[in-house]
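> Sharing a structure, written as structure tokens. Questions coming.
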Amino acid sequence: MSVHIINEKCKGCTKCVKSCPFDALKMEEKLAVIQDNCTSCGICIEACTFDAIYKEAEDRKTKDLSAYTGVWVFAEQREGKLTPVVIELMGEGKKLADEVGTYLGAVLCGKGVDGLAQELIRYGADRVFYCEDDLLEPFTTDSYAIAISRAIEEYKPEIVLYGATHIGRDLAPRIAAKVNTGLTADCTKLEIDPEDKKLMQTRPAFGGNLMATIVCPDHRPQMSTVRPGVMAKAEYDPKRTGEVVRMSISIAPEDLRTRVRDVVKSLGETVSLTDAEFIVSGGKGIGGPEGFKLLRQLADKLGGSIGSSRACVDAGWIDHAYQVGQTGTTVKPKVYIACGISGAIQHLAGMQSSDTIIAINKNENAPIFGVADIGLVGDLYQIVPEIIAQLDE
Amino acid sequence: MKIIVCVKQVPDTNEVRIDPVKGTLIREGVPSILNPDDANALEAALQIKDELEDTTVTVLTMGPPQADVMLRECMAMGADKAVLLSDRAFAGADTWATSNTLAQAIRKLGGADIVFAGRQAIDGDTAQVGPQIATRLDMPQVTYVQDIKLEGDTAVVQRQLEDGYEVIEVRMPVLLTAVKELNTPRYMSISSIFDAYEKEITIWGLKNLGLGEGEVGLKASPTQVKRSFTPDPKGKGEVFTGQPKELVSKLLSQLREKHIV
């Protein structure tokens with residue numbers, strides 16, 4: 001699917017050059033020319049009013065993909081607990097498996113985590129592929145990559161989903177290169193193409209300015225990492241039963257080239273933005289680190305958490321763990337209250353699927369009002385205390 | 001010590017705006033920059049060079065000929081050599097094909113004790129090319145690196161986690177991906193900018209790398225873009241102005257109506 005220009009139709013209007021997000025088009029002798037850094041995104045095709053640009057389907061060999069069945073979820077666990085995103089992936093995986101007409105599997109690595117296999121079944125897994133070995137605890141990139149690659153080669157799933165956590169984003173690309181397939185990062189939407197039953201993976205790119213739907217037509221498995229906090233959680237059914245497939249994977253000590261010397265937890269409370277129902281978030285407009293004290297009062301009142309825009313984190317007012325947005329955490333609470341946040345696209349990318357968005361800002365032209373359900377123009381230092389007072393009444 | 005830093009020239013996505021009428025990206029006037037995380041990766045390499053004699057730092061990129069400007073910036077910061085992989089055949093590469101091309105160039109450069117990359121590039125945000133280069137070179141990897149100490153032939157690094165960090169020990173050769181907390185990239189000096197323009201940039205195409213057309217670019221990419229679009233803006237809600245007391249009572253009555261509070 002590469003993009004080409006029909007020179008006879010090109011009028012030299014430069015619309016395509018301006019439309020290209022990647023600066024991959026230039027004018028040469030009044031004709032548009034596509035350069036090496038073209039990503040075949042196709043934005044220019046829509047921009048061209050003369051039908052002078054088209055996408056050509058590559059002549060690809062069709063391989064036999066029928067041997068691959070099942071939708072798998074990587075059951076990431078830390079210290080014997082499933083990472084919250086796994087429950088979301090089980091929910092999404094079940095939906096995809098039903099649409100394709102196949103089973104839902106989970107691939108679990110560790111030592112002595114049999115209980116988690118049952119938990120995965122209760123969250124909807126039909127089959128749990130359990131790789132147990134002394135060297136699979138704690139997580140190391142090498143040991144997990146070996147175990148999961150072997151599981152994939154032996155049981156041939158057609159789709160594998162990973163949480164886009166620090167572990168998932170470290171591990172999944174390594175597995176993709178090992179088993180020779182594609183991987184789409186940080187997906188926010190997954191669908192099955194009703195015609196060919198292939199996975200359509202939609203993700204933000206370009207700082208959230210552009211969405212792209214990616215397919216993996218002739219390699220298997222189709223693999224995605226999925227942003228935490230985006231998909232709906234699976235239901236827990238304590239009576240559900242399923243099959244546990246124990247895989248004996250012997251990993252040699254010399255296979256592990258990294259050694260975890262120590263794990264250091266960050267001081268202070270652990271921030272669980274993805275679980276919070278109410279988030280009171282502060283931006284540059286709060287003026288300084290002490291502004292978060294006021295926001296916390298409101299958050300405590302509502303039983304929620306505080307959050308932050310990138311500007312406050314960069315200014316050193318608050319820890320990165322609180323950052324909402326493209327390079328922080330994606331959240332979708334019941335209520336998101338943006339205080340003194342102007343609403344840069346990168347921030348919006350991380351919170352715009354919240355159920356209700358409330359914006360408080362002095363500047364009535366702030367972009368945040370464009371996504372807010374309720375906007376209040378005014379000084380947050382007057383409005384927030386007033387909310388607290390009126391909630392008390 | 002031999003260090004190769006993989007870098008990428010990217011549009012400064014912070015400068016990108018959406019045309020409010022057409023809903024399309026306004027790309028005009030958006031500068032191309034050295035990807036921010038890659039600048040941290042380069043700085044880490046240069047700090048090792050400051051400490052250890054006989055260290056060479058080579059910057060490596062795949063991109064269009066215009067990427068040479070960024071490579072000269074890297075040399076002006078202190079990199080010794082620069083290699084640009086540029087060929088029409090590399091176009092449309094996904095992370096599989098990109099890592100295949102970069103890994104082959106690293107082999108051709110004779111490998112390295114440390115290969116650095118940024119955690120991710122701001123135009124794609126995939127964070128996949130680093131780990132995939134490591135896989136192809138059969139090197140261990142540590143991603144999200146926020147601190148590095150070298151102890152002989154071993155690197156002791158801090159790997160950032162969501163709620164803290166791990167201290168990881170790894171024998172070189174190794175591939176490390178840098179996050180912004182790792183360091184503050186240095187500026188170019190005036191004299192080094194002049195020097196950087198005197199230096200040669202090595203340019204390699206497909207033939208120089210000894211790869212076939214089916215091993216690079218779009219043809220070697222398992223994933224393909226089916227469709228790109230600008231996200232729909234959410235419908236505009238109500239915006240109120242007035243005295244704080246009235247504003248808040250309007251807000252709370254709406255929230256109570258929806259049974260939110």
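Starting from 1 in every chain, residues are counted up; chains themselves are A, B, ... following the order of the structure tokens, and ligands are numbered from 1 as listed.
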Residues of chain B within 7 Å of chain A, counting only C-alpha atoms - could you list those as a VMD selection string?
chain B and resid 11 13 25 to 28 63 to 64 87 to 88 90 to 93 96 122 to 128 131 to 132 135 140 143 161 to 171 222 to 231 234 to 241 244 to 245 247 to 248
> Write out as a list in words the set of residues from stretch 8-77 of chain B that DSSP, computed on the backbone, places in strand (DSSP E).
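The residues of stretch 8-77 of chain B classed as strand (DSSP E) are Gln9, Val10, Pro11, Arg17, Ile18, Leu25, Ile26, Ser32, Ile33, Leu34, Thr56, Val57, Thr58, Val59, Leu60, Thr61 and Met62 of chain B.
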> Write a file of the selected residues as an mmCIF file, in the first residue's frame, keeping N, CA and C atoms.

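Okay, part-v3.cif is ready:
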data_model
loop_
_atom_site.group_PDB
_atom_site.id
_atom_site.type_symbol
_atom_site.label_atom_id
_atom_site.label_comp_id
_atom_site.auth_asym_id
_atom_site.auth_seq_id
_atom_site.Cartn_x
_atom_site.Cartn_y
_atom_site.Cartn_z
ATOM 1 N N GLN B 9 14.851 12.323 13.149
ATOM 2 C CA GLN B 9 14.361 13.682 12.940
ATOM 3 C C GLN B 9 12.833 13.631 12.896
ATOM 4 N N VAL B 10 12.196 14.473 13.717
ATOM 5 C CA VAL B 10 10.732 14.436 13.815
ATOM 6 C C VAL B 10 10.166 15.847 13.693
ATOM 7 N N PRO B 11 8.925 15.948 13.236
ATOM 8 C CA PRO B 11 8.269 17.260 13.305
ATOM 9 C C PRO B 11 7.975 17.583 14.763
ATOM 10 N N ARG B 17 -0.915 22.350 14.762
ATOM 11 C CA ARG B 17 -2.265 22.842 15.079
ATOM 12 C C ARG B 17 -3.252 22.183 14.124
ATOM 13 N N ILE B 18 -4.501 22.159 14.558
ATOM 14 C CA ILE B 18 -5.560 21.607 13.715
ATOM 15 C C ILE B 18 -6.314 22.777 13.087
ATOM 16 N N LEU B 25 -4.651 18.685 9.740
ATOM 17 C CA LEU B 25 -3.424 19.131 10.387
ATOM 18 C C LEU B 25 -2.819 20.308 9.630
ATOM 19 N N ILE B 26 -2.346 21.285 10.373
ATOM 20 C CA ILE B 26 -1.594 22.360 9.740
ATOM 21 C C ILE B 26 -0.121 22.062 9.948
ATOM 22 N N SER B 32 11.369 20.849 12.046
ATOM 23 C CA SER B 32 11.844 19.491 12.280
ATOM 24 C C SER B 32 12.927 19.549 13.344
ATOM 25 N N ILE B 33 12.865 18.652 14.291
ATOM 26 C CA ILE B 33 13.819 18.678 15.402
ATOM 27 C C ILE B 33 14.402 17.293 15.648
ATOM 28 N N LEU B 34 15.473 17.245 16.429
ATOM 29 C CA LEU B 34 15.990 15.981 16.941
ATOM 30 C C LEU B 34 14.972 15.488 17.973
ATOM 31 N N THR B 56 34.266 6.449 21.223
ATOM 32 C CA THR B 56 33.737 7.106 20.022
ATOM 33 C C THR B 56 32.214 7.006 20.033
ATOM 34 N N VAL B 57 31.585 8.105 19.669
ATOM 35 C CA VAL B 57 30.122 8.163 19.628
ATOM 36 C C VAL B 57 29.703 8.384 18.175
ATOM 37 N N THR B 58 28.963 7.423 17.631
ATOM 38 C CA THR B 58 28.461 7.537 16.267
ATOM 39 C C THR B 58 26.951 7.715 16.315
ATOM 40 N N VAL B 59 26.434 8.728 15.628
ATOM 41 C CA VAL B 59 24.979 8.849 15.548
ATOM 42 C C VAL B 59 24.508 8.225 14.241
ATOM 43 N N LEU B 60 23.380 7.526 14.321
ATOM 44 C CA LEU B 60 22.859 6.768 13.181
ATOM 45 C C LEU B 60 21.388 7.095 13.015
ATOM 46 N N THR B 61 20.991 7.405 11.791
ATOM 47 C CA THR B 61 19.574 7.653 11.558
ATOM 48 C C THR B 61 19.156 7.069 10.221
ATOM 49 N N MET B 62 17.857 6.809 10.091
ATOM 50 C CA MET B 62 17.286 6.458 8.805
ATOM 51 C C MET B 62 16.295 7.560 8.472
#
> Find the spatial neighbours of A:Ile152, counting only C-alpha atoms, within a cut-off of 9 Å - ignore same-chain residues fewer than 6 positions away - and output them as a PDB file with N, CA and C atoms, in the first residue's frame.

ATOM      1  N   VAL A 160      -2.738 -11.399  19.774  1.00  0.00           N
ATOM      2  CA  VAL A 160      -2.187 -11.313  21.129  1.00  0.00           C
ATOM      3  C   VAL A 160      -2.213  -9.845  21.570  1.00  0.00           C
ATOM      4  N   VAL A 179       9.160 -13.614  16.780  1.00  0.00           N
ATOM      5  CA  VAL A 179       8.237 -14.496  16.058  1.00  0.00           C
ATOM      6  C   VAL A 179       7.903 -13.936  14.675  1.00  0.00           C
ATOM      7  N   PRO A 221       0.987 -14.007  14.928  1.00  0.00           N
ATOM      8  CA  PRO A 221      -0.268 -13.373  15.328  1.00  0.00           C
ATOM      9  C   PRO A 221      -0.291 -11.869  15.038  1.00  0.00           C
TER      10      PRO A 221
END
> So which one's closest to A:Cys13, A:Thr49, A:Asn361, A:Thr83, A:Ser250? Using only C-alpha atoms, please.
A:Thr49
> If you run DSSP on this backbone, which residues of stretch 36-209 of chain B come out as helix (DSSP H, G or I), and could you give them as JSON, numbers by chain?
{"B": [36, 37, 38, 39, 40, 41, 42, 43, 44, 45, 46, 47, 48, 49, 50, 51, 65, 66, 67, 68, 69, 70, 71, 72, 73, 74, 75, 76, 77, 88, 89, 90, 95, 96, 97, 98, 99, 100, 101, 102, 103, 104, 105, 106, 107, 108, 129, 130, 131, 132, 133, 134, 135, 136, 180, 181, 182, 190, 191, 192, 193, 194, 195, 196, 197, 198, 206, 207, 208, 209]}
> Just the selected residues (C-alpha atoms), exported as an mmCIF file, in the first residue's frame, please.

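New file part.cif:
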data_model
loop_
_atom_site.group_PDB
_atom_site.id
_atom_site.type_symbol
_atom_site.label_atom_id
_atom_site.label_comp_id
_atom_site.auth_asym_id
_atom_site.auth_seq_id
_atom_site.Cartn_x
_atom_site.Cartn_y
_atom_site.Cartn_z
ATOM 1 C CA PRO B 36 13.581 14.777 22.433
ATOM 2 C CA ASP B 37 14.232 11.342 23.986
ATOM 3 C CA ASP B 38 17.015 10.798 21.429
ATOM 4 C CA ALA B 39 18.690 13.984 22.652
ATOM 5 C CA ASN B 40 18.780 12.409 26.132
ATOM 6 C CA ALA B 41 20.240 9.225 24.611
ATOM 7 C CA LEU B 42 22.960 11.247 22.870
ATOM 8 C CA GLU B 43 23.711 13.197 26.049
ATOM 9 C CA ALA B 44 24.155 9.931 27.965
ATOM 10 C CA ALA B 45 26.625 8.740 25.334
ATOM 11 C CA LEU B 46 28.517 12.036 25.435
ATOM 12 C CA GLN B 47 28.735 11.891 29.235
ATOM 13 C CA ILE B 48 30.394 8.478 28.959
ATOM 14 C CA LYS B 49 32.768 9.942 26.361
ATOM 15 C CA ASP B 50 33.595 12.788 28.782
ATOM 16 C CA GLU B 51 34.555 10.224 31.424
ATOM 17 C CA PRO B 65 18.489 13.528 2.888
ATOM 18 C CA GLN B 66 17.265 16.561 4.886
ATOM 19 C CA ALA B 67 18.008 14.623 8.082
ATOM 20 C CA ASP B 68 21.663 15.607 7.648
ATOM 21 C CA VAL B 69 20.893 18.919 9.406
ATOM 22 C CA MET B 70 19.936 17.015 12.543
ATOM 23 C CA LEU B 71 23.049 14.831 12.274
ATOM 24 C CA ARG B 72 25.231 17.940 12.120
ATOM 25 C CA GLU B 73 23.499 19.204 15.270
ATOM 26 C CA CYS B 74 24.385 15.916 16.942
ATOM 27 C CA MET B 75 28.017 16.341 15.893
ATOM 28 C CA ALA B 76 27.952 19.937 17.129
ATOM 29 C CA MET B 77 26.843 18.543 20.503
ATOM 30 C CA ARG B 88 13.623 5.423 -1.599
ATOM 31 C CA ALA B 89 13.345 1.715 -0.823
ATOM 32 C CA PHE B 90 13.294 2.437 2.932
ATOM 33 C CA THR B 95 9.093 -0.707 13.231
ATOM 34 C CA TRP B 96 9.902 -4.224 11.980
ATOM 35 C CA ALA B 97 11.495 -2.918 8.779
ATOM 36 C CA THR B 98 13.089 0.113 10.463
ATOM 37 C CA SER B 99 14.780 -2.036 13.087
ATOM 38 C CA ASN B 100 15.940 -4.467 10.392
ATOM 39 C CA THR B 101 17.602 -1.634 8.481
ATOM 40 C CA LEU B 102 19.189 0.012 11.525
ATOM 41 C CA ALA B 103 20.435 -3.322 12.896
ATOM 42 C CA GLN B 104 22.138 -4.095 9.592
ATOM 43 C CA ALA B 105 23.879 -0.702 9.672
ATOM 44 C CA ILE B 106 25.060 -1.373 13.239
ATOM 45 C CA ARG B 107 26.516 -4.711 12.076
ATOM 46 C CA LYS B 108 28.242 -2.929 9.204
ATOM 47 C CA VAL B 129 12.395 0.234 17.332
ATOM 48 C CA GLY B 130 14.920 0.121 20.210
ATOM 49 C CA PRO B 131 13.868 -3.288 21.577
ATOM 50 C CA GLN B 132 13.574 -4.692 18.049
ATOM 51 C CA ILE B 133 17.122 -3.616 17.133
ATOM 52 C CA ALA B 134 18.314 -5.350 20.308
ATOM 53 C CA THR B 135 16.451 -8.529 19.350
ATOM 54 C CA ARG B 136 17.976 -8.594 15.866
ATOM 55 C CA LYS B 180 13.922 12.509 29.712
ATOM 56 C CA GLU B 181 14.649 12.082 33.417
ATOM 57 C CA LEU B 182 18.065 10.604 32.491
ATOM 58 C CA ILE B 190 29.603 27.955 18.304
ATOM 59 C CA SER B 191 32.985 26.486 17.401
ATOM 60 C CA SER B 192 31.610 22.952 17.347
ATOM 61 C CA ILE B 193 28.869 24.035 14.952
ATOM 62 C CA PHE B 194 31.548 25.198 12.520
ATOM 63 C CA ASP B 195 33.470 21.946 13.001
ATOM 64 C CA ALA B 196 30.321 19.903 12.447
ATOM 65 C CA TYR B 197 29.868 21.397 9.001
ATOM 66 C CA GLU B 198 33.448 20.455 8.091
ATOM 67 C CA LEU B 206 20.112 -0.217 0.216
ATOM 68 C CA LYS B 207 23.103 -1.539 -1.774
ATOM 69 C CA ASN B 208 25.638 -0.354 0.814
ATOM 70 C CA LEU B 209 23.808 -2.315 3.484
#
